[in-house]
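Everything below concerns the one structure shown next.
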Amino acid sequence: MNCRIVDDALLRDWPLPEAQEDGDKESRGRVLVLAGSREMPGAAVLAGTAALRAGAGKLVIATPQSAAQTVAAGVPEARVIALPEGSDGGPTFFGLPLLQAIARNTACLLVGPGMIGHESTVPFVHMLLPLFKNATVLLDALAMDLVRTVPRFEQPVILTPHAGEMAHLTGNVKEDLQELPAEVAQRQAQQWNATVVLKGATSCIATPTSGVWTHQSHAPGLGTSGSGDVLAGLIAGLAARGASPEQATVWGVALHARAGEALAKRQGTLGFLARELSAEVPGLMQKLAP
């Protein structure tokens, strides 16, 4: 197995797409974040903010009607689309035309953080993907359940499960997956034809054809509510800027971990908040620039 360790040297040798000196927000790509629910509107706020901190030019957040005002207040930089929602809190098919209207100009679609209503959400995502066939699609949280009915993708897709979610998606035992995370990530990347981030203290990133990268985090405080939403947003923002799925995931994992490490040095190992991570990212990207 071709397994590479993600460190500062690897990142500097694999620089992110540079911003054009005469470019504007359009040149850095649009992210569409489909996230949140009446119970968890903050997930959309965390993911959307992270996408902008990673350098995306424009942000649209689509969230259920019950969460839209909260999300709009939380991310004033975003356009917010209020989606019709069903009795279970998930999106309904009446929301598809609203998203189809912006699909052509979307560079990356992130779906899943904070969403509820499995019976409505998974079919909705299934119908949504063909509309965004020219965008990178990142499936997180509940949206990843799509692989149980669509086992192989025909467009660029990123999935971001932790070990528990991977066990749910594959039907395997969590502890077995944790013993050989790199092998598991590569196997599922090939099976699903997707880029897979198997999250943990040691995260493994795999693609169907390019091998595996591993990254070890030294920030246990990252294990906190909302941290995964921030990671998903960072990856989406980097993809919108023009990074390939594998580069966006490798850099996203590295920036997320380094943000946690920076906060731990200033505030202590535990107790920092997920919403504090994103503000660390622009400076970290500057330090890692070639």
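Each chain in the structure tokens gets a letter, A, B, ..., in the order shown, and its residues are numbered from 1; ligands are numbered from 1 in order too.
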Skip Pro41 (chain A) itself and residues of its chain fewer than 4 positions away, then list as a ChimeraX atom specification all residues within 12 Å of it, counting only C-alpha atoms.
/A:34-37,45-48,61-75,82,89,112-116,226,229
Taking the backbone alone, and naming residues the way the document does, which bits of region 73-249 of chain A are helix (DSSP H, G or I) by DSSP, as a ChimeraX atom specification?
/A:73-74,93-103,118-132,141-148,163-170,174-179,181-192,220-222,227-240,245-249
Which polymer residues have any atom within 12 Å of an atom of Ala103 (chain A), counting only C-alpha atoms, with same-chain residues fewer than 5 positions away left out, as a PyMOL selection string?
chain A and resi 30-33+60+96-98+108-109+128-137
Give me, as a list in words, all polymer residues having an atom no more than 10 Å from Glu119 (chain A), counting only C-alpha atoms and skipping those fewer than 6 positions away in the same chain.
Asp88, Gly90 and Pro91 of chain A
Can you tell me, as a PyMOL selection string, what residues are no more than 8 Å from region 199-209 of chain A when counting only C-alpha atoms, ignoring any on the same chain fewer than 5 positions away?
chain A and resi 160-163+181-182+185-186+189-191+193-194+214-218+220+246+249-250+253
Export N, CA and C atoms of the chosen residues as a PDB file, in the first residue's frame?
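Written out: again25.pdb:
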ATOM      1  N   THR A 160     -16.867  11.539   4.736  1.00  0.00           N
ATOM      2  CA  THR A 160     -16.050  11.859   5.904  1.00  0.00           C
ATOM      3  C   THR A 160     -16.528  11.124   7.159  1.00  0.00           C
ATOM      4  N   PRO A 161     -16.528   9.797   7.179  1.00  0.00           N
ATOM      5  CA  PRO A 161     -17.010   9.064   8.363  1.00  0.00           C
ATOM      6  C   PRO A 161     -15.944   8.930   9.448  1.00  0.00           C
ATOM      7  N   HIS A 162     -16.389   8.950  10.702  1.00  0.00           N
ATOM      8  CA  HIS A 162     -15.527   8.445  11.770  1.00  0.00           C
ATOM      9  C   HIS A 162     -15.773   6.950  11.896  1.00  0.00           C
ATOM     10  N   ALA A 163     -15.066   6.290  12.791  1.00  0.00           N
ATOM     11  CA  ALA A 163     -15.116   4.826  12.851  1.00  0.00           C
ATOM     12  C   ALA A 163     -16.532   4.310  13.105  1.00  0.00           C
ATOM     13  N   PRO A 181      -7.099   1.100   9.967  1.00  0.00           N
ATOM     14  CA  PRO A 181      -7.859   2.201   9.357  1.00  0.00           C
ATOM     15  C   PRO A 181      -7.435   2.526   7.926  1.00  0.00           C
ATOM     16  N   ALA A 182      -6.138   2.457   7.635  1.00  0.00           N
ATOM     17  CA  ALA A 182      -5.685   2.779   6.283  1.00  0.00           C
ATOM     18  C   ALA A 182      -6.229   1.783   5.272  1.00  0.00           C
ATOM     19  N   ALA A 185     -10.006   2.446   4.814  1.00  0.00           N
ATOM     20  CA  ALA A 185     -10.261   3.638   4.011  1.00  0.00           C
ATOM     21  C   ALA A 185     -10.015   3.368   2.534  1.00  0.00           C
ATOM     22  N   GLN A 186      -8.917   2.680   2.214  1.00  0.00           N
ATOM     23  CA  GLN A 186      -8.619   2.401   0.813  1.00  0.00           C
ATOM     24  C   GLN A 186      -9.648   1.444   0.202  1.00  0.00           C
ATOM     25  N   ALA A 189     -12.823   3.401  -0.404  1.00  0.00           N
ATOM     26  CA  ALA A 189     -12.643   4.368  -1.485  1.00  0.00           C
ATOM     27  C   ALA A 189     -12.765   3.680  -2.841  1.00  0.00           C
ATOM     28  N   GLN A 190     -12.180   2.513  -2.961  1.00  0.00           N
ATOM     29  CA  GLN A 190     -12.263   1.776  -4.211  1.00  0.00           C
ATOM     30  C   GLN A 190     -13.671   1.241  -4.455  1.00  0.00           C
ATOM     31  N   GLN A 191     -14.304   0.759  -3.396  1.00  0.00           N
ATOM     32  CA  GLN A 191     -15.652   0.205  -3.555  1.00  0.00           C
ATOM     33  C   GLN A 191     -16.662   1.284  -3.917  1.00  0.00           C
ATOM     34  N   ASN A 193     -15.896   4.294  -5.153  1.00  0.00           N
ATOM     35  CA  ASN A 193     -15.352   5.203  -6.168  1.00  0.00           C
ATOM     36  C   ASN A 193     -15.432   6.639  -5.663  1.00  0.00           C
ATOM     37  N   ALA A 194     -14.898   6.847  -4.473  1.00  0.00           N
ATOM     38  CA  ALA A 194     -14.978   8.144  -3.816  1.00  0.00           C
ATOM     39  C   ALA A 194     -13.711   8.388  -3.013  1.00  0.00           C
ATOM     40  N   THR A 214      -1.962   9.479   5.720  1.00  0.00           N
ATOM     41  CA  THR A 214      -2.330   9.396   7.129  1.00  0.00           C
ATOM     42  C   THR A 214      -1.882  10.674   7.838  1.00  0.00           C
ATOM     43  N   HIS A 215      -2.712  11.111   8.765  1.00  0.00           N
ATOM     44  CA  HIS A 215      -2.396  12.310   9.540  1.00  0.00           C
ATOM     45  C   HIS A 215      -2.707  12.043  10.997  1.00  0.00           C
ATOM     46  N   GLN A 216      -1.730  12.297  11.857  1.00  0.00           N
ATOM     47  CA  GLN A 216      -1.906  12.093  13.287  1.00  0.00           C
ATOM     48  C   GLN A 216      -2.118  13.425  13.979  1.00  0.00           C
ATOM     49  N   SER A 217      -3.213  13.525  14.729  1.00  0.00           N
ATOM     50  CA  SER A 217      -3.533  14.743  15.463  1.00  0.00           C
ATOM     51  C   SER A 217      -3.036  14.649  16.897  1.00  0.00           C
ATOM     52  N   HIS A 218      -2.639  15.812  17.434  1.00  0.00           N
ATOM     53  CA  HIS A 218      -2.188  15.885  18.827  1.00  0.00           C
ATOM     54  C   HIS A 218      -3.074  16.855  19.604  1.00  0.00           C
ATOM     55  N   PRO A 220      -6.561  16.340  21.495  1.00  0.00           N
ATOM     56  CA  PRO A 220      -7.757  15.599  21.917  1.00  0.00           C
ATOM     57  C   PRO A 220      -8.988  16.482  22.071  1.00  0.00           C
ATOM     58  N   GLU A 246      -8.739  14.953  -3.392  1.00  0.00           N
ATOM     59  CA  GLU A 246      -7.717  14.429  -2.487  1.00  0.00           C
ATOM     60  C   GLU A 246      -6.912  15.543  -1.827  1.00  0.00           C
ATOM     61  N   THR A 249      -9.095  17.237   0.880  1.00  0.00           N
ATOM     62  CA  THR A 249      -9.265  16.441   2.093  1.00  0.00           C
ATOM     63  C   THR A 249      -7.977  16.387   2.918  1.00  0.00           C
ATOM     64  N   VAL A 250      -6.858  16.197   2.265  1.00  0.00           N
ATOM     65  CA  VAL A 250      -5.582  16.155   2.994  1.00  0.00           C
ATOM     66  C   VAL A 250      -5.328  17.487   3.691  1.00  0.00           C
ATOM     67  N   VAL A 253      -7.968  18.120   6.608  1.00  0.00           N
ATOM     68  CA  VAL A 253      -7.643  17.377   7.825  1.00  0.00           C
ATOM     69  C   VAL A 253      -6.468  18.023   8.548  1.00  0.00           C
TER      70      VAL A 253
END
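Each of A:Leu270, A:Ala262, A:Ala243, A:Met127 was checked against Trp14 (chain A) using only C-alpha atoms; the smallest atom-to-atom distance is that of A:Ala243.
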Would you work out the distance separating CA of Asp13 (chain A) from CA of Ala274 (chain A), expressed in Å to one decimal?
28.6 Å
Could you give me, as a ChimeraX atom specification, each residue of region 37-259 of chain A that DSSP assigns to strand (DSSP E) when run on this structure's backbone?
/A:58-64,79-83,108-111,136-139,157-159,195-198,202-206,212-216
Determine the nearest neighbour of Pro156 (chain A) from the options A:Leu177, A:Gly223, A:Arg275, A:Ala239, counting only C-alpha atoms.
A:Ala239
